[in-house]
file start07.txt (compact mmCIF, N, CA and C atoms)
# COMPACT_ATOMS: atom_id res chain seq x y z
N MET A 1 17.45 2.00 0.24
CA MET A 1 17.26 3.04 -0.77
C MET A 1 16.31 2.53 -1.85
N ILE A 2 15.32 3.36 -2.20
CA ILE A 2 14.40 2.92 -3.25
C ILE A 2 15.00 3.26 -4.62
N ASP A 3 14.60 2.48 -5.61
CA ASP A 3 15.10 2.71 -6.97
C ASP A 3 14.02 3.45 -7.77
N LEU A 4 14.28 4.70 -8.08
CA LEU A 4 13.30 5.50 -8.81
C LEU A 4 13.52 5.47 -10.31
N LYS A 5 14.63 4.87 -10.72
CA LYS A 5 14.98 4.88 -12.15
C LYS A 5 13.91 4.16 -12.97
N GLY A 6 13.37 4.89 -13.96
CA GLY A 6 12.37 4.29 -14.84
C GLY A 6 10.97 4.23 -14.24
N LYS A 7 10.83 4.67 -13.00
CA LYS A 7 9.52 4.64 -12.35
C LYS A 7 8.67 5.81 -12.85
N LEU A 8 7.35 5.62 -12.82
CA LEU A 8 6.41 6.67 -13.17
C LEU A 8 5.94 7.28 -11.85
N VAL A 9 6.30 8.51 -11.62
CA VAL A 9 6.06 9.13 -10.31
C VAL A 9 4.87 10.08 -10.33
N LEU A 10 4.04 9.93 -9.31
CA LEU A 10 2.99 10.91 -9.04
C LEU A 10 3.50 11.76 -7.89
N ALA A 11 3.80 13.01 -8.17
CA ALA A 11 4.41 13.90 -7.18
C ALA A 11 3.31 14.78 -6.56
N LEU A 12 3.01 14.50 -5.30
CA LEU A 12 1.93 15.23 -4.63
C LEU A 12 2.50 16.12 -3.54
N GLY A 13 2.74 17.36 -3.91
CA GLY A 13 3.30 18.30 -2.96
C GLY A 13 2.23 19.05 -2.21
N GLU A 14 2.68 19.84 -1.27
CA GLU A 14 1.75 20.66 -0.51
C GLU A 14 2.41 21.99 -0.21
N ARG A 15 1.61 23.05 -0.26
CA ARG A 15 2.18 24.38 -0.10
C ARG A 15 2.86 24.54 1.27
N ASP A 16 2.30 23.93 2.30
CA ASP A 16 2.89 24.06 3.63
C ASP A 16 3.99 23.03 3.88
N GLY A 17 4.23 22.18 2.90
CA GLY A 17 5.29 21.19 3.04
C GLY A 17 6.29 21.36 1.92
N VAL A 18 6.49 20.30 1.15
CA VAL A 18 7.38 20.38 -0.01
C VAL A 18 6.51 20.48 -1.26
N PRO A 19 6.66 21.54 -2.06
CA PRO A 19 5.80 21.73 -3.23
C PRO A 19 6.07 20.74 -4.36
N GLY A 20 5.06 20.58 -5.22
CA GLY A 20 5.15 19.62 -6.31
C GLY A 20 6.36 19.78 -7.21
N PRO A 21 6.69 21.00 -7.67
CA PRO A 21 7.84 21.14 -8.57
C PRO A 21 9.16 20.68 -7.94
N ALA A 22 9.30 20.84 -6.62
CA ALA A 22 10.52 20.37 -5.95
C ALA A 22 10.57 18.85 -5.95
N LEU A 23 9.41 18.22 -5.73
CA LEU A 23 9.35 16.75 -5.78
C LEU A 23 9.68 16.27 -7.19
N GLN A 24 9.14 16.98 -8.19
CA GLN A 24 9.39 16.61 -9.58
C GLN A 24 10.87 16.68 -9.91
N ALA A 25 11.52 17.77 -9.49
CA ALA A 25 12.95 17.92 -9.78
C ALA A 25 13.75 16.79 -9.13
N CYS A 26 13.40 16.44 -7.90
CA CYS A 26 14.10 15.36 -7.20
C CYS A 26 13.89 14.03 -7.92
N ALA A 27 12.63 13.75 -8.26
CA ALA A 27 12.32 12.46 -8.90
C ALA A 27 13.03 12.33 -10.24
N GLU A 28 13.00 13.40 -11.03
CA GLU A 28 13.62 13.34 -12.36
C GLU A 28 15.14 13.21 -12.25
N SER A 29 15.72 13.82 -11.24
CA SER A 29 17.17 13.72 -11.09
C SER A 29 17.58 12.30 -10.70
N ALA A 30 16.62 11.54 -10.17
CA ALA A 30 16.90 10.14 -9.80
C ALA A 30 16.53 9.19 -10.92
N GLY A 31 16.13 9.73 -12.08
CA GLY A 31 15.85 8.88 -13.25
C GLY A 31 14.41 8.48 -13.43
N ALA A 32 13.51 9.12 -12.67
CA ALA A 32 12.09 8.80 -12.80
C ALA A 32 11.42 9.71 -13.83
N VAL A 33 10.25 9.29 -14.26
CA VAL A 33 9.42 10.11 -15.14
C VAL A 33 8.20 10.55 -14.34
N VAL A 34 7.98 11.83 -14.25
CA VAL A 34 6.84 12.33 -13.48
C VAL A 34 5.61 12.38 -14.38
N VAL A 35 4.60 11.59 -14.02
CA VAL A 35 3.39 11.52 -14.86
C VAL A 35 2.25 12.37 -14.29
N TYR A 36 2.42 12.82 -13.05
CA TYR A 36 1.40 13.68 -12.45
C TYR A 36 2.07 14.51 -11.37
N MET A 37 1.76 15.79 -11.35
CA MET A 37 2.36 16.66 -10.33
C MET A 37 1.33 17.67 -9.87
N ALA A 38 1.24 17.88 -8.57
CA ALA A 38 0.31 18.87 -8.04
C ALA A 38 0.86 19.42 -6.73
N THR A 39 0.43 20.62 -6.41
CA THR A 39 0.73 21.20 -5.11
C THR A 39 -0.59 21.57 -4.46
N GLN A 40 -0.92 20.88 -3.39
CA GLN A 40 -2.17 21.15 -2.71
C GLN A 40 -2.03 22.37 -1.81
N CYS A 41 -3.14 23.04 -1.62
CA CYS A 41 -3.15 24.23 -0.77
C CYS A 41 -4.45 24.23 0.00
N PHE A 42 -4.34 24.18 1.33
CA PHE A 42 -5.56 24.13 2.15
C PHE A 42 -5.73 25.41 2.94
N VAL A 43 -6.15 26.46 2.27
CA VAL A 43 -6.48 27.69 3.01
C VAL A 43 -7.83 28.20 2.54
N MET B 1 -6.79 15.40 0.67
CA MET B 1 -6.76 15.42 -0.79
C MET B 1 -8.17 15.74 -1.30
N ASP B 2 -8.27 16.76 -2.14
CA ASP B 2 -9.61 17.14 -2.58
C ASP B 2 -10.14 16.17 -3.64
N LEU B 3 -11.43 16.31 -3.91
CA LEU B 3 -12.12 15.33 -4.76
C LEU B 3 -11.61 15.38 -6.20
N GLU B 4 -11.32 16.60 -6.66
CA GLU B 4 -10.82 16.76 -8.02
C GLU B 4 -9.48 16.04 -8.20
N GLU B 5 -8.63 16.17 -7.20
CA GLU B 5 -7.32 15.53 -7.27
C GLU B 5 -7.45 14.01 -7.21
N GLN B 6 -8.36 13.54 -6.39
CA GLN B 6 -8.60 12.09 -6.34
C GLN B 6 -9.00 11.56 -7.71
N GLU B 7 -9.85 12.29 -8.39
CA GLU B 7 -10.30 11.86 -9.72
C GLU B 7 -9.12 11.87 -10.72
N SER B 8 -8.29 12.92 -10.65
CA SER B 8 -7.15 13.00 -11.57
C SER B 8 -6.21 11.82 -11.34
N ILE B 9 -5.94 11.51 -10.09
CA ILE B 9 -5.02 10.42 -9.78
C ILE B 9 -5.62 9.07 -10.19
N ARG B 10 -6.91 8.91 -9.97
CA ARG B 10 -7.56 7.66 -10.38
C ARG B 10 -7.40 7.45 -11.89
N ARG B 11 -7.61 8.53 -12.65
CA ARG B 11 -7.48 8.44 -14.11
C ARG B 11 -6.06 8.07 -14.53
N VAL B 12 -5.07 8.71 -13.89
CA VAL B 12 -3.67 8.42 -14.23
C VAL B 12 -3.35 6.96 -13.89
N ALA B 13 -3.74 6.54 -12.70
CA ALA B 13 -3.40 5.17 -12.25
C ALA B 13 -4.08 4.12 -13.11
N GLU B 14 -5.28 4.40 -13.54
CA GLU B 14 -6.01 3.41 -14.34
C GLU B 14 -5.65 3.51 -15.82
N GLY B 15 -4.81 4.49 -16.16
CA GLY B 15 -4.41 4.68 -17.55
C GLY B 15 -3.37 3.67 -18.02
N GLY B 16 -2.82 2.90 -17.09
CA GLY B 16 -1.85 1.86 -17.47
C GLY B 16 -0.51 2.02 -16.78
N HIS B 17 0.28 0.95 -16.81
CA HIS B 17 1.62 0.91 -16.21
C HIS B 17 1.59 1.13 -14.70
N LYS B 18 0.50 0.72 -14.05
CA LYS B 18 0.40 0.93 -12.60
C LYS B 18 1.52 0.23 -11.85
N ASP B 19 2.02 -0.85 -12.44
CA ASP B 19 3.09 -1.61 -11.79
C ASP B 19 4.39 -0.82 -11.71
N ARG B 20 4.51 0.24 -12.53
CA ARG B 20 5.73 1.07 -12.49
C ARG B 20 5.52 2.37 -11.72
N MET B 21 4.32 2.57 -11.19
CA MET B 21 4.01 3.85 -10.56
C MET B 21 4.40 3.89 -9.08
N VAL B 22 4.84 5.07 -8.69
CA VAL B 22 5.24 5.32 -7.30
C VAL B 22 4.72 6.71 -6.94
N VAL B 23 4.20 6.84 -5.73
CA VAL B 23 3.75 8.15 -5.27
C VAL B 23 4.84 8.76 -4.39
N LEU B 24 5.12 10.03 -4.64
CA LEU B 24 6.10 10.75 -3.83
C LEU B 24 5.37 11.93 -3.17
N LEU B 25 5.35 11.92 -1.85
CA LEU B 25 4.60 12.94 -1.10
C LEU B 25 5.50 14.05 -0.57
N GLY B 26 4.89 15.23 -0.45
CA GLY B 26 5.57 16.35 0.20
C GLY B 26 4.70 16.92 1.30
N THR B 27 3.86 16.10 1.86
CA THR B 27 2.91 16.54 2.90
C THR B 27 3.66 17.06 4.14
N PRO B 28 3.08 18.06 4.83
CA PRO B 28 3.82 18.72 5.91
C PRO B 28 3.73 18.07 7.28
N THR B 29 2.71 17.22 7.52
CA THR B 29 2.53 16.67 8.88
C THR B 29 2.30 15.17 8.82
N ALA B 30 2.39 14.54 10.01
CA ALA B 30 2.10 13.11 10.09
C ALA B 30 0.64 12.85 9.71
N GLY B 31 -0.26 13.72 10.15
CA GLY B 31 -1.68 13.53 9.89
C GLY B 31 -2.01 13.60 8.40
N SER B 32 -1.48 14.62 7.72
CA SER B 32 -1.77 14.76 6.29
C SER B 32 -1.11 13.64 5.49
N THR B 33 0.05 13.19 5.97
CA THR B 33 0.73 12.08 5.31
C THR B 33 -0.10 10.80 5.42
N MET B 34 -0.60 10.55 6.63
CA MET B 34 -1.38 9.32 6.84
C MET B 34 -2.66 9.35 6.00
N MET B 35 -3.32 10.49 5.96
CA MET B 35 -4.58 10.60 5.22
C MET B 35 -4.34 10.39 3.72
N THR B 36 -3.31 11.04 3.18
CA THR B 36 -3.05 10.93 1.74
C THR B 36 -2.57 9.52 1.39
N ALA B 37 -1.67 8.98 2.19
CA ALA B 37 -1.14 7.64 1.90
C ALA B 37 -2.25 6.59 2.00
N THR B 38 -3.12 6.73 2.99
CA THR B 38 -4.24 5.79 3.13
C THR B 38 -5.15 5.87 1.92
N THR B 39 -5.44 7.08 1.47
CA THR B 39 -6.32 7.26 0.31
C THR B 39 -5.74 6.60 -0.93
N LEU B 40 -4.42 6.70 -1.10
CA LEU B 40 -3.80 6.19 -2.33
C LEU B 40 -3.51 4.69 -2.29
N THR B 41 -3.50 4.12 -1.10
CA THR B 41 -3.23 2.68 -1.02
C THR B 41 -4.50 1.88 -0.80
N GLN B 42 -5.36 2.38 0.12
CA GLN B 42 -6.55 1.59 0.49
C GLN B 42 -7.87 2.20 0.05
N GLY B 43 -7.83 3.41 -0.45
CA GLY B 43 -9.07 4.10 -0.84
C GLY B 43 -9.38 5.22 0.13
N ASP B 44 -10.25 6.11 -0.27
CA ASP B 44 -10.60 7.29 0.52
C ASP B 44 -11.29 6.88 1.82
N PRO B 45 -10.64 7.10 2.98
CA PRO B 45 -11.25 6.66 4.25
C PRO B 45 -12.49 7.46 4.62
N SER B 46 -12.69 8.62 3.99
CA SER B 46 -13.88 9.42 4.31
C SER B 46 -15.06 8.99 3.43
N TYR B 47 -14.82 8.15 2.47
CA TYR B 47 -15.84 7.66 1.53
C TYR B 47 -16.56 8.81 0.81
N ALA B 48 -15.87 9.93 0.62
CA ALA B 48 -16.49 11.08 -0.02
C ALA B 48 -16.05 11.26 -1.46
N GLY B 49 -14.87 10.76 -1.81
CA GLY B 49 -14.31 11.06 -3.12
C GLY B 49 -14.32 9.90 -4.09
N PRO B 50 -13.82 10.14 -5.30
CA PRO B 50 -13.77 9.11 -6.34
C PRO B 50 -12.93 7.89 -5.97
N LEU B 51 -12.07 8.02 -4.97
CA LEU B 51 -11.25 6.86 -4.57
C LEU B 51 -11.88 6.08 -3.40
N ALA B 52 -13.10 6.43 -3.03
CA ALA B 52 -13.80 5.66 -2.00
C ALA B 52 -13.98 4.23 -2.48
N GLY B 53 -13.49 3.27 -1.71
CA GLY B 53 -13.61 1.87 -2.09
C GLY B 53 -12.73 1.47 -3.26
N VAL B 54 -11.75 2.32 -3.60
CA VAL B 54 -10.84 2.03 -4.72
C VAL B 54 -9.41 1.92 -4.17
N PRO B 55 -8.99 0.74 -3.77
CA PRO B 55 -7.62 0.60 -3.25
C PRO B 55 -6.61 0.53 -4.38
N LEU B 56 -6.02 1.66 -4.73
CA LEU B 56 -5.06 1.70 -5.84
C LEU B 56 -3.81 0.89 -5.53
N GLY B 57 -3.45 0.83 -4.25
CA GLY B 57 -2.28 0.03 -3.85
C GLY B 57 -0.97 0.57 -4.37
N LEU B 58 -0.91 1.87 -4.62
CA LEU B 58 0.34 2.45 -5.15
C LEU B 58 1.39 2.55 -4.05
N PRO B 59 2.63 2.12 -4.32
CA PRO B 59 3.70 2.30 -3.33
C PRO B 59 3.87 3.80 -3.04
N THR B 60 3.84 4.16 -1.79
CA THR B 60 3.82 5.58 -1.42
C THR B 60 4.98 5.91 -0.49
N TYR B 61 5.73 6.93 -0.89
CA TYR B 61 6.91 7.36 -0.12
C TYR B 61 6.83 8.86 0.14
N HIS B 62 7.59 9.30 1.12
CA HIS B 62 7.68 10.73 1.40
C HIS B 62 9.10 11.19 1.11
N ILE B 63 9.20 12.39 0.59
CA ILE B 63 10.50 12.93 0.18
C ILE B 63 11.49 13.01 1.36
N LEU B 64 10.98 13.05 2.59
CA LEU B 64 11.87 13.17 3.74
C LEU B 64 12.39 11.82 4.26
N GLU B 65 11.87 10.72 3.71
CA GLU B 65 12.33 9.40 4.16
C GLU B 65 13.78 9.17 3.71
N ASP B 66 14.54 8.54 4.57
CA ASP B 66 15.96 8.28 4.25
C ASP B 66 16.11 7.50 2.94
N ASP B 67 15.25 6.49 2.75
CA ASP B 67 15.35 5.65 1.55
C ASP B 67 15.15 6.47 0.27
N VAL B 68 14.37 7.53 0.35
CA VAL B 68 14.14 8.39 -0.81
C VAL B 68 15.30 9.37 -0.97
N ARG B 69 15.68 9.97 0.14
CA ARG B 69 16.76 10.97 0.09
C ARG B 69 18.02 10.38 -0.53
N GLN B 70 18.33 9.12 -0.16
CA GLN B 70 19.54 8.48 -0.67
C GLN B 70 19.49 8.21 -2.17
N ALA B 71 18.26 8.18 -2.73
CA ALA B 71 18.12 7.90 -4.16
C ALA B 71 18.31 9.15 -5.01
N ILE B 72 18.36 10.31 -4.35
CA ILE B 72 18.40 11.58 -5.08
C ILE B 72 19.79 12.22 -4.93
N PRO B 73 20.36 12.74 -6.04
CA PRO B 73 21.67 13.39 -5.93
C PRO B 73 21.65 14.45 -4.83
N ALA B 74 22.68 14.47 -4.01
CA ALA B 74 22.70 15.33 -2.81
C ALA B 74 22.52 16.81 -3.15
N ASP B 75 23.12 17.26 -4.25
CA ASP B 75 23.01 18.68 -4.57
C ASP B 75 21.58 19.07 -4.95
N VAL B 76 20.90 18.17 -5.66
CA VAL B 76 19.51 18.44 -6.05
C VAL B 76 18.62 18.44 -4.80
N TYR B 77 18.84 17.45 -3.93
CA TYR B 77 18.03 17.35 -2.71
C TYR B 77 18.21 18.60 -1.85
N GLN B 78 19.43 19.03 -1.73
CA GLN B 78 19.72 20.21 -0.92
C GLN B 78 19.04 21.45 -1.51
N ARG B 79 19.07 21.58 -2.83
CA ARG B 79 18.48 22.74 -3.48
C ARG B 79 16.96 22.74 -3.39
N GLU B 80 16.35 21.58 -3.60
CA GLU B 80 14.89 21.51 -3.69
C GLU B 80 14.20 21.33 -2.34
N VAL B 81 14.81 20.60 -1.46
CA VAL B 81 14.18 20.32 -0.15
C VAL B 81 14.84 21.16 0.93
N GLY B 82 16.16 21.22 0.90
CA GLY B 82 16.93 22.09 1.77
C GLY B 82 16.51 22.07 3.23
N PRO B 83 16.26 23.23 3.79
CA PRO B 83 15.98 23.33 5.22
C PRO B 83 14.66 22.68 5.64
N LEU B 84 13.77 22.43 4.69
CA LEU B 84 12.50 21.79 5.06
C LEU B 84 12.74 20.45 5.73
N GLU B 85 13.87 19.85 5.40
CA GLU B 85 14.23 18.57 5.99
C GLU B 85 14.28 18.66 7.52
N PHE B 86 14.61 19.84 8.02
CA PHE B 86 14.76 20.01 9.46
C PHE B 86 13.56 20.71 10.09
N VAL B 87 12.74 21.35 9.25
CA VAL B 87 11.57 22.09 9.76
C VAL B 87 10.37 21.16 9.94
N LEU B 88 10.18 20.26 8.99
CA LEU B 88 9.01 19.37 9.04
C LEU B 88 9.28 18.20 9.99
N ASP B 89 8.19 17.57 10.43
CA ASP B 89 8.26 16.48 11.41
C ASP B 89 8.60 15.15 10.71
N ARG B 90 9.89 15.01 10.40
CA ARG B 90 10.32 13.83 9.62
C ARG B 90 10.01 12.52 10.35
N GLU B 91 10.27 12.50 11.65
CA GLU B 91 10.01 11.27 12.42
C GLU B 91 8.54 10.89 12.41
N GLY B 92 7.70 11.90 12.67
CA GLY B 92 6.25 11.64 12.69
C GLY B 92 5.75 11.19 11.33
N ILE B 93 6.24 11.83 10.28
CA ILE B 93 5.84 11.49 8.92
C ILE B 93 6.27 10.05 8.59
N THR B 94 7.49 9.70 8.97
CA THR B 94 7.99 8.35 8.70
C THR B 94 7.17 7.31 9.45
N ARG B 95 6.85 7.61 10.71
CA ARG B 95 6.04 6.67 11.51
C ARG B 95 4.65 6.51 10.89
N ALA B 96 4.08 7.61 10.43
CA ALA B 96 2.74 7.55 9.82
C ALA B 96 2.75 6.64 8.59
N LEU B 97 3.78 6.77 7.77
CA LEU B 97 3.86 5.93 6.56
C LEU B 97 4.07 4.46 6.92
N GLN B 98 4.88 4.22 7.94
CA GLN B 98 5.08 2.83 8.37
C GLN B 98 3.76 2.20 8.81
N ALA B 99 2.96 3.00 9.53
CA ALA B 99 1.67 2.50 10.01
C ALA B 99 0.75 2.17 8.83
N VAL B 100 0.75 3.03 7.83
CA VAL B 100 -0.10 2.77 6.66
C VAL B 100 0.38 1.52 5.92
N ARG B 101 1.69 1.36 5.79
CA ARG B 101 2.23 0.18 5.09
C ARG B 101 1.88 -1.11 5.84
N GLU B 102 2.00 -1.06 7.16
CA GLU B 102 1.67 -2.26 7.94
C GLU B 102 0.20 -2.62 7.77
N ARG B 103 -0.65 -1.59 7.77
CA ARG B 103 -2.08 -1.84 7.61
C ARG B 103 -2.37 -2.40 6.21
N SER B 104 -1.65 -1.90 5.21
CA SER B 104 -1.85 -2.37 3.85
C SER B 104 -1.49 -3.85 3.72
N HIS B 105 -0.45 -4.26 4.42
CA HIS B 105 -0.02 -5.65 4.34
C HIS B 105 -0.99 -6.59 5.04
N GLN B 106 -1.72 -6.04 6.03
CA GLN B 106 -2.66 -6.88 6.77
C GLN B 106 -3.94 -7.13 5.99
N THR B 107 -4.26 -6.20 5.06
CA THR B 107 -5.54 -6.35 4.36
C THR B 107 -5.37 -7.10 3.07
call {"tool": "encode", "arguments": {"input": "start07.txt", "output": "structure tokens"}}
result
Amino acid sequence: MIDLKGKLVLALGERDGVPGPALQACAESAGAVVVYMATQCFV
Amino acid sequence: MDLEEQESIRRVAEGGHKDRMVVLLGTPTAGSTMMTATTLTQGDPSYAGPLAGVPLGLPTYHILEDDVRQAIPADVYQREVGPLEFVLDREGITRALQAVRERSHQT
């Protein structure tokens, strides 16, 4: 298990996968600080 | 990963505290995972973007990896990731990341 507590997370989501805000919510709930968040879309 | 995003990430990573930074991916396939993870650890393999020749070396994980899932409260993971855990190619994505990590250790 990785330790996300206190880590600075770059959350790179994708529209066809897991979007950025979902990654952010997960990371923050594990004690991380999200310093960058995006959801890529390739259409 | 588009060129604009590469530039944004380069700026954030070079802004300081890189030793505390971790990338969390939500890419949908093994191919997109490998391409993004390679770009963020070893530099842009297409040599087209701002990260060409810039090996940031950021530890990179995918939200579907067991090691990540276990770090997140189960109720939050279920709400935010939910059924995607079973729809996306978790095995392929995990294998792709392992390959990138092995390559990173060799260089």
call {"tool": "interface_residues", "arguments": {"input": "start07.txt", "of": "chain B", "to": "chain A", "cutoff": "6 Å", "atoms": "all atoms listed in the file", "output": "NGL selection string"}}
result
:B and (20-28 or 66-68 or 70-73 or 76 or 80)
call {"tool": "atom_distance", "arguments": {"input": "start07.txt", "atom1": "CA of Met34 (chain B)", "atom2": "CA of His17 (chain B)"}}
result
24.7 Å
call {"tool": "axis_aligned_box", "arguments": {"input": "start07.txt", "around": "region 3-7 of chain A", "padding_each_side": "4 Å", "output": "lines of an AutoDock Vina configuration file"}}
result
center_x = 11.9
center_y = 4.1
center_z = -10.2
size_x = 14.4
size_y = 11.3
size_z = 17.2
call {"tool": "residues_around", "arguments": {"input": "start07.txt", "residues": "Gln42 (chain B)", "least_positions_apart": "4", "cutoff": "6.5 Å", "atoms": "only N, CA and C atoms", "output": "list in words"}}
result
Ala37, Thr38, Gly53, Val54, Pro55, Leu56 and Gly57 of chain B
call {"tool": "write_last_selection", "arguments": {"input": "start07.txt", "atoms": "N, CA and C atoms", "output": "PDB file, in the frame of the given file"}}
result
ATOM      1  N   ALA B  37      -1.670   8.980   2.190  1.00  0.00           N
ATOM      2  CA  ALA B  37      -1.140   7.640   1.900  1.00  0.00           C
ATOM      3  C   ALA B  37      -2.250   6.590   2.000  1.00  0.00           C
ATOM      4  N   THR B  38      -3.120   6.730   2.990  1.00  0.00           N
ATOM      5  CA  THR B  38      -4.240   5.790   3.130  1.00  0.00           C
ATOM      6  C   THR B  38      -5.150   5.870   1.920  1.00  0.00           C
ATOM      7  N   GLY B  53     -13.490   3.270  -1.710  1.00  0.00           N
ATOM      8  CA  GLY B  53     -13.610   1.870  -2.090  1.00  0.00           C
ATOM      9  C   GLY B  53     -12.730   1.470  -3.260  1.00  0.00           C
ATOM     10  N   VAL B  54     -11.750   2.320  -3.600  1.00  0.00           N
ATOM     11  CA  VAL B  54     -10.840   2.030  -4.720  1.00  0.00           C
ATOM     12  C   VAL B  54      -9.410   1.920  -4.170  1.00  0.00           C
ATOM     13  N   PRO B  55      -8.990   0.740  -3.770  1.00  0.00           N
ATOM     14  CA  PRO B  55      -7.620   0.600  -3.250  1.00  0.00           C
ATOM     15  C   PRO B  55      -6.610   0.530  -4.380  1.00  0.00           C
ATOM     16  N   LEU B  56      -6.020   1.660  -4.730  1.00  0.00           N
ATOM     17  CA  LEU B  56      -5.060   1.700  -5.840  1.00  0.00           C
ATOM     18  C   LEU B  56      -3.810   0.890  -5.530  1.00  0.00           C
ATOM     19  N   GLY B  57      -3.450   0.830  -4.250  1.00  0.00           N
ATOM     20  CA  GLY B  57      -2.280   0.030  -3.850  1.00  0.00           C
ATOM     21  C   GLY B  57      -0.970   0.570  -4.370  1.00  0.00           C
TER      22      GLY B  57
END
call {"tool": "select_by_dssp", "arguments": {"input": "start07.txt", "residues": "chain B", "states": "alpha helix (DSSP H)", "output": "ChimeraX atom specification"}}
result
/B:3-14,30-42,66-69,74-80,84-87,90-106
call {"tool": "atom_distance", "arguments": {"input": "start07.txt", "atom1": "atom N of Gly31 (chain B)", "atom2": "CA of Val81 (chain B)"}}
result
18.9 Å
